[in-house]
Amino acid sequence: DFLGINYYSRNVASADGSWRAGSSGLALTDMGWEIYPSGLTELLLRLHRDWRLPPLYVKENGAAFRDQLVDGRVHDHERVAYLAAHIAAVGDALEQGVPMAGYMVWSLLDNFEWASGYAKRFGIVHVDYATQQRTPKDSARWYREFLHRQRERRREPLDGTEQRQHHRERLGRPPACDGTRHELTDHEQSNRREQERARERARTLALGEPDHRPH
């Protein structure tokens, strides 16, 4: 058995219903959803705390952005940042004992969304709906390299120090995900700092950390 989790963003409940996505000053996706990767860590930790869990999989995680196909390329840097930060969030939960077994991006292809039709693009592969031409976006190339590096590291023998370092590392070089600046509450500032730390960890491998192991 396993438990599958779908996570895209958070919702905040309040007595007066005054909270709105974007009120925190964090960036939004094209769906109008707040980019809040630490919410994924919080969800996984709460499930682990409250229940005796089978292996956990993140079955859906991704974001829609206003992708543009230009000269055969889609430079979806916002999606790269989103994925890197959320993979780092899963890693944070894993380090704290959550029995994570896998992570899956939503989605491979741009597709028909139930409430939005073809207007919102979640894929890491661009689809021209008129011709059905498929074009890998920059996020697809980034994700491919991420998986390649993980496979390579699994093949190489690591000593104890390297094992701990490998467990901590995250792949990705996310550009700033934050929106316009405004006065934040203490809780929001704390969450902002957590996200910055996650992005800093994610940046380590993407900047090309030298590999000093013999080949």
# chains A, B, ... in the order shown; residues from 1 in each chain; ligands from 1

$ residues_around --residues "stretch 72-79 of chain A" --least-positions-apart "3" --cutoff "6 Å" --atoms "only C-alpha atoms" --output "number ranges by chain"
A: 68-69, 82, 137-138

$ residues_around --residues "stretch 28-34 of chain A" --least-positions-apart "4" --cutoff "9 Å" --atoms "only C-alpha atoms" --output "NGL selection string"
:A and (8-11 or 21-22 or 24 or 63-66 or 78 or 120-121 or 177-179)

$ closest_residue --among "A:Ala84, A:Asp67, A:Gly91, A:Ser139" --to "A:Val127" --atoms "only C-alpha atoms"
A:Asp67

$ closest_atom_pairs --of "stretch 50-73 of chain A" --to "stretch 99-113 of chain A" --cutoff "10 Å" --atoms "only C-alpha atoms" --output "tab-separated table"
residue	atom	partner	partner_atom	distance
A:Leu53	CA	A:Pro99	CA	7.7
A:Pro54	CA	A:Pro99	CA	7.4
A:Pro55	CA	A:Pro99	CA	5.3
A:Leu56	CA	A:Met100	CA	4.7
A:Tyr57	CA	A:Gly102	CA	4.7
A:Val58	CA	A:Tyr103	CA	4.6
A:Lys59	CA	A:Met104	CA	5.2
A:Glu60	CA	A:Trp106	CA	5.1
A:Asn61	CA	A:Val105	CA	5.1
A:Gly62	CA	A:Trp106	CA	4.8
A:Ala63	CA	A:Trp106	CA	7.6
A:Ala64	CA	A:Asp110	CA	9.2

$ atom_distance --atom1 "atom CA of A:Gly117" --atom2 "atom CA of A:Tyr129"
11.6 Å

$ atom_distance --atom1 "atom CA of A:Ser38" --atom2 "atom CA of A:Val80"
16.4 Å

$ residues_around --residues "A:Arg46" --least-positions-apart "4" --cutoff "12 Å" --atoms "only C-alpha atoms" --output "ChimeraX atom specification"
/A:39-42,50-53,93,96-98

$ select_by_dssp --residues "stretch 30-154 of chain A" --states "alpha helix (DSSP H)" --output "PyMOL selection string"
chain A and resi 38-50+77-95+138-154

$ write_last_selection --atoms "C-alpha atoms" --output "PDB file, in the first residue's frame"
ATOM      1  CA  SER A  38       6.946  25.050   2.671  1.00  0.00           C
ATOM      2  CA  GLY A  39       3.254  24.111   2.797  1.00  0.00           C
ATOM      3  CA  LEU A  40       4.179  20.778   1.213  1.00  0.00           C
ATOM      4  CA  THR A  41       6.712  20.088   3.965  1.00  0.00           C
ATOM      5  CA  GLU A  42       4.145  21.058   6.598  1.00  0.00           C
ATOM      6  CA  LEU A  43       1.525  18.750   5.082  1.00  0.00           C
ATOM      7  CA  LEU A  44       3.877  15.769   4.905  1.00  0.00           C
ATOM      8  CA  LEU A  45       5.102  16.315   8.461  1.00  0.00           C
ATOM      9  CA  ARG A  46       1.559  16.586   9.804  1.00  0.00           C
ATOM     10  CA  LEU A  47       0.502  13.355   8.100  1.00  0.00           C
ATOM     11  CA  HIS A  48       3.580  11.645   9.517  1.00  0.00           C
ATOM     12  CA  ARG A  49       2.857  13.014  12.998  1.00  0.00           C
ATOM     13  CA  ASP A  50      -0.850  12.142  13.083  1.00  0.00           C
ATOM     14  CA  HIS A  77      12.213  29.651 -15.594  1.00  0.00           C
ATOM     15  CA  GLU A  78       9.325  30.166 -13.179  1.00  0.00           C
ATOM     16  CA  ARG A  79       8.408  26.488 -13.461  1.00  0.00           C
ATOM     17  CA  VAL A  80      12.019  25.417 -12.914  1.00  0.00           C
ATOM     18  CA  ALA A  81      12.053  27.515  -9.737  1.00  0.00           C
ATOM     19  CA  TYR A  82       8.721  26.056  -8.611  1.00  0.00           C
ATOM     20  CA  LEU A  83       9.797  22.452  -9.121  1.00  0.00           C
ATOM     21  CA  ALA A  84      13.212  22.941  -7.510  1.00  0.00           C
ATOM     22  CA  ALA A  85      11.690  24.541  -4.417  1.00  0.00           C
ATOM     23  CA  HIS A  86       9.038  21.832  -4.025  1.00  0.00           C
ATOM     24  CA  ILE A  87      11.526  18.998  -4.500  1.00  0.00           C
ATOM     25  CA  ALA A  88      13.593  20.674  -1.774  1.00  0.00           C
ATOM     26  CA  ALA A  89      10.460  20.766   0.397  1.00  0.00           C
ATOM     27  CA  VAL A  90       9.994  17.015  -0.061  1.00  0.00           C
ATOM     28  CA  GLY A  91      13.649  16.550   0.874  1.00  0.00           C
ATOM     29  CA  ASP A  92      13.101  18.529   4.081  1.00  0.00           C
ATOM     30  CA  ALA A  93      10.266  16.161   5.039  1.00  0.00           C
ATOM     31  CA  LEU A  94      12.403  13.138   4.184  1.00  0.00           C
ATOM     32  CA  GLU A  95      15.194  14.382   6.442  1.00  0.00           C
ATOM     33  CA  ASP A 138      13.506  24.282 -20.262  1.00  0.00           C
ATOM     34  CA  SER A 139      11.864  22.650 -17.224  1.00  0.00           C
ATOM     35  CA  ALA A 140      11.900  19.274 -19.015  1.00  0.00           C
ATOM     36  CA  ARG A 141      15.626  19.639 -19.673  1.00  0.00           C
ATOM     37  CA  TRP A 142      16.206  20.683 -16.071  1.00  0.00           C
ATOM     38  CA  TYR A 143      14.214  17.731 -14.730  1.00  0.00           C
ATOM     39  CA  ARG A 144      16.050  15.322 -17.022  1.00  0.00           C
ATOM     40  CA  GLU A 145      19.390  16.567 -15.681  1.00  0.00           C
ATOM     41  CA  PHE A 146      18.108  16.310 -12.123  1.00  0.00           C
ATOM     42  CA  LEU A 147      17.162  12.668 -12.614  1.00  0.00           C
ATOM     43  CA  HIS A 148      20.426  11.936 -14.421  1.00  0.00           C
ATOM     44  CA  ARG A 149      22.473  13.336 -11.537  1.00  0.00           C
ATOM     45  CA  GLN A 150      20.510  11.348  -8.990  1.00  0.00           C
ATOM     46  CA  ARG A 151      21.074   8.122 -10.946  1.00  0.00           C
ATOM     47  CA  GLU A 152      24.790   8.843 -11.274  1.00  0.00           C
ATOM     48  CA  ARG A 153      25.127   9.502  -7.560  1.00  0.00           C
ATOM     49  CA  ARG A 154      23.312   6.280  -6.726  1.00  0.00           C
TER      50      ARG A 154
END

$ atom_distance --atom1 "atom CA of A:Asp71" --atom2 "atom CA of A:Pro136"
12.6 Å

$ closest_residue --among "A:Ala130, A:Val70, A:Tyr7, A:Ala115" --to "A:Ile35" --atoms "only C-alpha atoms"
A:Tyr7
